[in-house]
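J.: Pasting in a structure now, in structure tokens, and then I'll have a few things to ask.
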Amino acid sequence: MTAAVLTPSRPVVTRRSGPSLPKQVGLEIRKSLSTRSGLALAGAAILIAPAAMAIAAGAASEPLDSVIGPIVVTGMLSALVLISLGVLSTAGEWSHGTVQTTYLLEPRRSRVLATKSIAVAVMGAVFGVVAAGLAGGVVALMEPGASWDGGGRAIAMIAVAGAAFSLIGAGVGAALANTPGALTGIYLINLGVLPLLQTVKPAFADKIDAGNAVLSLAQGDKTLQSITILVVWVGASLTAGALMTRRRAVQ
């Protein structure tokens with residue numbers, strides 16, 4: 001008896017199955033917005049800026065001269081909320097145990113973090129610009145005499161802030177793998193430590209405060225320093241997240 005041996009005429013190429021990067025980013029966006037907490041944070045990020053603008057404009061004793069300051073200040077409230085969205089996208093998976101499924105579908109941890117980072121940056125920028133645009137609409141209705149010189153730049157900077165703060169949240173969340181711990185640490189720094197430093201060491205605080213960096217960018221002031229501050233915050237957070245995620249055992 002003879003056995004026939006089939007020899008392929010061309011080499012067999014094994015392709016990795018799995019979604020492309022754009023599809024993975026879309027999946028991460030849907031994951032973030034498929035939970036009640038994610039939807040609540042997205043809604044809060046969009047609505048808090050126009051709500052704060054309405055309160056501030058209604059309580060103002062004098063007419064506003066420019067829309068830049070109010071848009072940036074109220075828009076930063078949205079950016080602070082978006083930190084939580086970034087944290088939940090990474091730390092939330094570890095806290096709820098869904099990270100096992102995520103790494104089964106995509107075992108390359110660096111790609112998972114990169115995908116999540118792109119997703120939260122896109123959401124942060126979109127939600128930020130929508131919130132700032134709504135806040136601008138409120139101030140236009142309530143303060144029609146305010147100058148809009150630089151208003152478009154202010155709205156764009158809130159989009160940048162939304163993306164940057166979301167990325168910071170994602171990086172810290174990935175590094176700590178604990179949602180309450182990550183949220184507590186970030187908000188303690190942003191709402192406690194940095195404001196205190198602005199009181200006792202304002203010159204030093206201006207060199208590390210991401211919120212002030214956004215305000216400076218919106219005003220066209222200290223552009224290089226402000227960009228550097230945001231880049232360092234985002235880079236340090238994501239680097240820490242990548243290093244800690246690579247070493248952490250999935251249980």
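By order of appearance in the structure tokens: chains A, B, ..., then residues from 1 within every chain, and ligands from 1 in the order shown.
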Just the residues within 6 Å of A:Arg153, please, counting only C-alpha atoms, with nothing from its chain fewer than 3 positions along; format it as a ChimeraX atom specification.
T.: /A:150,156,218
J.: Take the residues just selected and output them with C-alpha atoms as a compact mmCIF listing (two decimals), in the first residue's frame.
T.:
```
# COMPACT_ATOMS: atom_id res chain seq x y z
CA GLY A 150 -10.44 83.33 20.94
CA ALA A 156 -10.59 73.36 21.04
CA ALA A 218 -6.57 78.75 25.61
```
J.: What are the closest atom pairs, with distances in Å to one decimal, for each residue of stretch 128-227 of chain A lying within 7 Å of stretch 68-84 of chain A, using only C-alpha atoms, rows by chain and rising residue number, as a Markdown table?
T.:
```
| residue | atom | partner | partner_atom | distance |
| --- | --- | --- | --- | --- |
| A:Gly128 | CA | A:Ser78 | CA | 6.5 |
| A:Ala131 | CA | A:Gly75 | CA | 6.6 |
| A:Ala132 | CA | A:Gly75 | CA | 5.5 |
| A:Ala135 | CA | A:Ile71 | CA | 6.3 |
| A:Gly136 | CA | A:Ile71 | CA | 6.4 |
| A:Gly150 | CA | A:Ile68 | CA | 6.5 |
| A:Gly151 | CA | A:Ile68 | CA | 5.5 |
| A:Ala154 | CA | A:Ile68 | CA | 5.7 |
| A:Ile158 | CA | A:Gly75 | CA | 5.9 |
| A:Ala161 | CA | A:Ala79 | CA | 6.0 |
| A:Gly162 | CA | A:Ala79 | CA | 4.6 |
| A:Phe165 | CA | A:Ile83 | CA | 5.3 |
| A:Ser166 | CA | A:Ile83 | CA | 4.7 |
| A:Ile168 | CA | A:Ile83 | CA | 6.8 |
| A:Gly169 | CA | A:Ile83 | CA | 4.6 |
| A:Leu183 | CA | A:Ser84 | CA | 6.6 |
| A:Leu215 | CA | A:Val72 | CA | 6.3 |
```
J.: Store the residues of this selection in a file with all heavy atoms, as a compact mmCIF listing (two decimals), in the first residue's frame.
T.:
```txt
# COMPACT_ATOMS: atom_id res chain seq x y z
N GLY A 128 -15.57 66.52 25.39
CA GLY A 128 -15.07 67.83 25.78
C GLY A 128 -15.54 68.93 24.85
O GLY A 128 -15.98 70.00 25.31
N ALA A 131 -19.29 69.52 25.33
CA ALA A 131 -19.56 70.24 26.57
C ALA A 131 -19.18 71.71 26.44
O ALA A 131 -19.95 72.60 26.85
CB ALA A 131 -18.78 69.59 27.72
N ALA A 132 -18.01 71.97 25.87
CA ALA A 132 -17.58 73.36 25.70
C ALA A 132 -18.47 74.11 24.72
O ALA A 132 -18.76 75.30 24.91
CB ALA A 132 -16.12 73.40 25.23
N ALA A 135 -21.61 74.96 26.56
CA ALA A 135 -21.33 76.06 27.48
C ALA A 135 -21.22 77.38 26.72
O ALA A 135 -21.71 78.42 27.19
CB ALA A 135 -20.04 75.78 28.25
N GLY A 136 -20.60 77.33 25.54
CA GLY A 136 -20.53 78.54 24.72
C GLY A 136 -21.90 79.00 24.27
O GLY A 136 -22.17 80.20 24.21
N GLY A 150 -11.12 84.46 20.30
CA GLY A 150 -10.44 83.33 20.94
C GLY A 150 -11.38 82.27 21.48
O GLY A 150 -10.94 81.29 22.08
N GLY A 151 -12.69 82.42 21.24
CA GLY A 151 -13.65 81.45 21.74
C GLY A 151 -13.48 80.07 21.11
O GLY A 151 -13.58 79.05 21.79
N ALA A 154 -10.62 78.36 22.67
CA ALA A 154 -10.95 77.87 24.02
C ALA A 154 -11.70 76.54 23.94
O ALA A 154 -11.41 75.61 24.71
CB ALA A 154 -11.79 78.91 24.76
N ILE A 158 -10.49 72.71 25.31
CA ILE A 158 -11.24 71.81 26.18
C ILE A 158 -11.29 70.42 25.57
O ILE A 158 -11.27 69.40 26.29
CB ILE A 158 -12.66 72.36 26.43
CG1 ILE A 158 -12.57 73.66 27.22
CG2 ILE A 158 -13.51 71.35 27.19
CD1 ILE A 158 -11.83 73.54 28.53
N ALA A 161 -8.04 69.04 26.52
CA ALA A 161 -8.06 68.69 27.94
C ALA A 161 -8.85 67.41 28.18
O ALA A 161 -8.44 66.56 28.98
CB ALA A 161 -8.67 69.84 28.75
N GLY A 162 -9.98 67.25 27.49
CA GLY A 162 -10.77 66.04 27.65
C GLY A 162 -9.99 64.80 27.26
O GLY A 162 -10.02 63.79 27.96
N PHE A 165 -6.92 64.38 29.92
CA PHE A 165 -7.33 63.92 31.24
C PHE A 165 -7.88 62.50 31.19
O PHE A 165 -7.69 61.72 32.13
CB PHE A 165 -8.36 64.88 31.84
CG PHE A 165 -7.74 66.08 32.49
CD1 PHE A 165 -6.94 66.94 31.77
CD2 PHE A 165 -7.97 66.38 33.82
CE1 PHE A 165 -6.35 68.06 32.36
CE2 PHE A 165 -7.39 67.48 34.43
CZ PHE A 165 -6.57 68.32 33.69
N SER A 166 -8.54 62.14 30.10
CA SER A 166 -9.00 60.76 29.94
C SER A 166 -7.81 59.80 29.87
O SER A 166 -7.83 58.71 30.46
CB SER A 166 -9.86 60.62 28.69
OG SER A 166 -11.02 61.41 28.77
N ILE A 168 -4.80 60.34 31.13
CA ILE A 168 -4.19 60.27 32.46
C ILE A 168 -4.95 59.28 33.33
O ILE A 168 -4.35 58.45 34.02
CB ILE A 168 -4.17 61.67 33.11
CG1 ILE A 168 -3.21 62.60 32.34
CG2 ILE A 168 -3.76 61.58 34.58
CD1 ILE A 168 -3.31 64.05 32.75
N GLY A 169 -6.27 59.36 33.28
CA GLY A 169 -7.08 58.41 34.04
C GLY A 169 -6.84 56.97 33.61
O GLY A 169 -6.71 56.07 34.45
N LEU A 183 -9.08 56.53 41.43
CA LEU A 183 -9.90 57.74 41.48
C LEU A 183 -9.53 58.62 42.67
O LEU A 183 -9.41 59.85 42.54
CB LEU A 183 -11.38 57.37 41.55
CG LEU A 183 -11.98 56.73 40.29
CD1 LEU A 183 -13.41 56.28 40.56
CD2 LEU A 183 -11.94 57.71 39.13
N LEU A 215 -5.64 76.30 30.60
CA LEU A 215 -6.05 77.69 30.62
C LEU A 215 -5.04 78.57 29.88
O LEU A 215 -5.41 79.46 29.11
CB LEU A 215 -6.22 78.18 32.06
CG LEU A 215 -6.65 79.65 32.25
CD1 LEU A 215 -7.97 79.92 31.55
CD2 LEU A 215 -6.75 79.99 33.73
```
J.: Of the candidates A:Pro144, A:Gly171, A:Pro202, A:Gly181, which one gets nearest to A:Ala121 if we count only C-alpha atoms?
T.: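 Of all the options, A:Gly171 lies closest to A:Ala121.
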J.: A:Pro195, A:Gly137, A:Gly58, A:Pro63: which is nearest A:Gly211, counting only C-alpha atoms?
T.: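 Closest candidate: A:Pro195.
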J.: Rank nothing, just name the residue among A:Val126, A:Leu230, A:Leu188, A:Leu105 nearest to A:Lys207, using only C-alpha atoms.
T.: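 Ranked by minimum distance to A:Lys207, first place goes to A:Leu230.
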J.: For the alpha helix (DSSP H) assignment from backbone DSSP, which residues of stretch 87-243 of chain A qualify? Please present them as a count of residues only.
T.: 129
J.: Given only C-alpha atoms as the basis, pick out the residue of A:Gly152, A:Gly92, A:Gly220, A:Gly124 nearest to A:Ala175.
T.: A:Gly92
J.: Taking only C-alpha atoms into account, which of A:Thr35, A:Pro107, A:His96, A:Gly133 comes nearest A:Met53?
T.: A:Gly133
J.: Pick from A:Gly192, A:Asn212, A:Gly86, A:Leu104: nearest to A:Ala164, with only C-alpha atoms counted?
T.: A:Gly86
J.: Distance atom CA of A:Ile118-atom CA of A:Arg246, one decimal place?
T.: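 Answer for the atom CA of A:Ile118 to atom CA of A:Arg246 separation: 18.5 Å.
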J.: Residues near A:Gln24, anyone? I mean within 10 Å using only C-alpha atoms, not counting same-chain ones fewer than 3 positions away, as a PyMOL selection string.
T.: chain A and resi 18-21+27-30+106+111-112+115-116+118-119
J.: Identify, on the basis of only C-alpha atoms, every residue whose closest approach to A:Ala182 does not exceed 7 Å; exclude the query and any residue fewer than 6 positions from it along the same chain; express the result as number ranges by chain.
T.: A: 87, 172-173, 176
J.: Rounded to one decimal in Å, what is the spacing between atom CA of A:Ala249 and atom CA of A:Leu88?
T.: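 Distance between the two atoms: 19.2 Å.
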J.: Record the distance separating atom CA of A:Leu85 and atom CA of A:Ile155, expressed in Å with one decimal.
T.: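 Value for the atom CA of A:Leu85-atom CA of A:Ile155 distance: 20.1 Å.
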